[in-house]
Amino acid sequence: MPKHFSPTRDFHSGFNGVDALHILLIEDNAALAQGLKIALSKEGFIVNHVASGQHGLETVKTSPPDIVVLDLGLPDLDGLQVLQRLRKLRAHLPVLILTARNQLDDKVKGLESGADDYLPKPFEMAELVARLRVIERRLTGVTDAHITIHQVTLFPQYHLAKIGDENLELSRREFMLLKTLMENAGKVQTRNTLEARLYSWDEEVASNSLEVHIHNLRKKLGADFIKTVRGVGYMVPK
Ligand code: CA
């Protein structure tokens, strides 16, 4: 491995990009909430719904979501109070506010921080999804997310890997394997973990196929980039 490359690990992603975004929906209209839950789940979000401000605040305390979608017209607490208390609990939690158009006054705009956005009711589902995607991109830093270890850089969202300035030709499975190892650099990944990443549960795994992929990666990355931890699995040292 060339000595002039500094062994930095540069992982910009705010959270594990593999996981779906968790949305807490605070909305007392049961029909609307149910519709949103179904539509957003289809978009790959994980939606937890509560119907009151108090329940919403408790949920943020006990299991913080990635994004809150907050209806301002709630039965128990004023939506703006909920927003202020959310801010005290978690200053940077993104909150997307749903509000009837006539409630969209200066108070709402005044409270809007960098973390907040609002959407007047009624809204199109596509518009809500688009706003959530903007927040998601901000959270994941997806435009420049990359991991660099020694001379190898991975750009997960582009399925691109480079060694120095050269693009690496990797198969889909080689890429997933390398991504798992680089995201967990410095920690041993067991054979079971790596095989679970590579294959769906119903697919036959030839006993030597993980070794074959590791062998091919080593041919492309150099023999030392991936270490074998005998009897356990593999590791990319930091
Ligand atoms: Ca309402």
# chains A, B, ... in the order shown; residues from 1 in each chain; ligands from 1

$ residues_near_ligand --ligand "ligand 1" --cutoff "6 Å" --atoms "only C-alpha atoms and all ligand atoms" --output "ChimeraX atom specification"
/A:27-29,71,73-74

$ select_by_dssp --residues "stretch 41-104 of chain A" --states "helix (DSSP H, G or I)" --output "JSON, numbers by chain"
{"A": [41, 42, 53, 54, 55, 56, 57, 58, 59, 60, 61, 62, 79, 80, 81, 82, 83, 84, 85, 86, 87, 88, 89, 101, 102, 103]}

$ write_last_selection --atoms "N, CA, C and O atoms" --output "short mmCIF file (atom, residue, chain, number, x, y, z; two decimals), in the first residue's frame"
data_model
loop_
_atom_site.label_atom_id
_atom_site.label_comp_id
_atom_site.auth_asym_id
_atom_site.auth_seq_id
_atom_site.Cartn_x
_atom_site.Cartn_y
_atom_site.Cartn_z
N SER A 41 -45.15 4.95 3.42
CA SER A 41 -44.52 3.63 3.54
C SER A 41 -44.15 3.09 2.17
O SER A 41 -43.10 2.48 1.98
N LYS A 42 -45.05 3.32 1.19
CA LYS A 42 -44.75 2.87 -0.18
C LYS A 42 -43.52 3.56 -0.74
O LYS A 42 -42.83 3.03 -1.60
N GLY A 53 -50.49 15.99 20.46
CA GLY A 53 -49.21 16.68 20.68
C GLY A 53 -48.42 16.05 21.81
O GLY A 53 -47.20 15.86 21.71
N GLN A 54 -49.14 15.73 22.90
CA GLN A 54 -48.47 15.15 24.07
C GLN A 54 -47.81 13.83 23.72
O GLN A 54 -46.65 13.59 24.05
N HIS A 55 -48.56 12.99 23.03
CA HIS A 55 -48.04 11.69 22.62
C HIS A 55 -46.84 11.87 21.69
O HIS A 55 -45.84 11.15 21.76
N GLY A 56 -46.92 12.87 20.82
CA GLY A 56 -45.81 13.17 19.91
C GLY A 56 -44.54 13.53 20.65
O GLY A 56 -43.45 13.03 20.35
N LEU A 57 -44.69 14.41 21.66
CA LEU A 57 -43.51 14.84 22.43
C LEU A 57 -42.90 13.66 23.19
O LEU A 57 -41.67 13.52 23.24
N GLU A 58 -43.77 12.82 23.75
CA GLU A 58 -43.27 11.64 24.47
C GLU A 58 -42.49 10.73 23.52
O GLU A 58 -41.45 10.19 23.88
N THR A 59 -43.04 10.57 22.32
CA THR A 59 -42.38 9.69 21.35
C THR A 59 -41.01 10.24 20.94
O THR A 59 -40.04 9.49 20.81
N VAL A 60 -40.93 11.55 20.78
CA VAL A 60 -39.64 12.15 20.42
C VAL A 60 -38.61 11.93 21.53
O VAL A 60 -37.43 11.71 21.27
N LYS A 61 -39.10 11.97 22.78
CA LYS A 61 -38.19 11.71 23.91
C LYS A 61 -37.71 10.27 23.93
O LYS A 61 -36.54 10.01 24.14
N THR A 62 -38.65 9.33 23.73
CA THR A 62 -38.30 7.92 23.93
C THR A 62 -37.67 7.28 22.69
O THR A 62 -36.75 6.48 22.80
N GLY A 79 -50.39 23.55 18.13
CA GLY A 79 -49.30 23.00 17.33
C GLY A 79 -48.00 23.79 17.46
O GLY A 79 -46.92 23.22 17.43
N LEU A 80 -48.14 25.10 17.63
CA LEU A 80 -46.93 25.92 17.78
C LEU A 80 -46.22 25.65 19.10
O LEU A 80 -44.99 25.67 19.17
N GLN A 81 -47.01 25.34 20.14
CA GLN A 81 -46.42 24.93 21.42
C GLN A 81 -45.66 23.63 21.24
O GLN A 81 -44.55 23.46 21.77
N VAL A 82 -46.29 22.71 20.53
CA VAL A 82 -45.63 21.42 20.27
C VAL A 82 -44.30 21.67 19.57
O VAL A 82 -43.26 21.11 19.94
N LEU A 83 -44.33 22.53 18.58
CA LEU A 83 -43.11 22.84 17.83
C LEU A 83 -42.02 23.40 18.75
O LEU A 83 -40.87 22.98 18.69
N GLN A 84 -42.41 24.35 19.62
CA GLN A 84 -41.43 24.94 20.53
C GLN A 84 -40.85 23.89 21.48
O GLN A 84 -39.65 23.89 21.75
N ARG A 85 -41.71 23.00 21.96
CA ARG A 85 -41.20 21.96 22.88
C ARG A 85 -40.33 20.95 22.15
O ARG A 85 -39.35 20.46 22.71
N LEU A 86 -40.70 20.66 20.89
CA LEU A 86 -39.84 19.79 20.08
C LEU A 86 -38.45 20.41 19.95
O LEU A 86 -37.44 19.73 20.06
N ARG A 87 -38.43 21.71 19.71
CA ARG A 87 -37.16 22.44 19.56
C ARG A 87 -36.31 22.33 20.81
O ARG A 87 -35.09 22.23 20.74
N LYS A 88 -36.98 22.39 21.99
CA LYS A 88 -36.23 22.30 23.25
C LYS A 88 -35.66 20.89 23.42
O LYS A 88 -34.57 20.73 23.95
N LEU A 89 -36.44 19.89 23.00
CA LEU A 89 -35.98 18.51 23.13
C LEU A 89 -34.83 18.23 22.18
O LEU A 89 -33.82 17.64 22.57
N ARG A 101 -54.34 26.53 5.15
CA ARG A 101 -53.76 27.71 4.51
C ARG A 101 -54.01 28.99 5.34
O ARG A 101 -53.14 29.84 5.45
N ASN A 102 -55.19 29.10 5.97
CA ASN A 102 -55.49 30.33 6.71
C ASN A 102 -54.76 30.41 8.05
O ASN A 102 -54.81 31.42 8.74
N GLN A 103 -54.10 29.30 8.46
CA GLN A 103 -53.29 29.34 9.69
C GLN A 103 -51.84 29.70 9.38
O GLN A 103 -51.01 29.80 10.27
#

$ residues_around --residues "A:Met182" --least-positions-apart "3" --cutoff "9 Å" --atoms "only C-alpha atoms" --output "list in words"
Arg9, Ile147, Thr148, Ile149, Leu154, Leu177, Leu178, Lys179, Ala185, Gly186, Met235, Val236, Pro237 and Lys238 of chain A
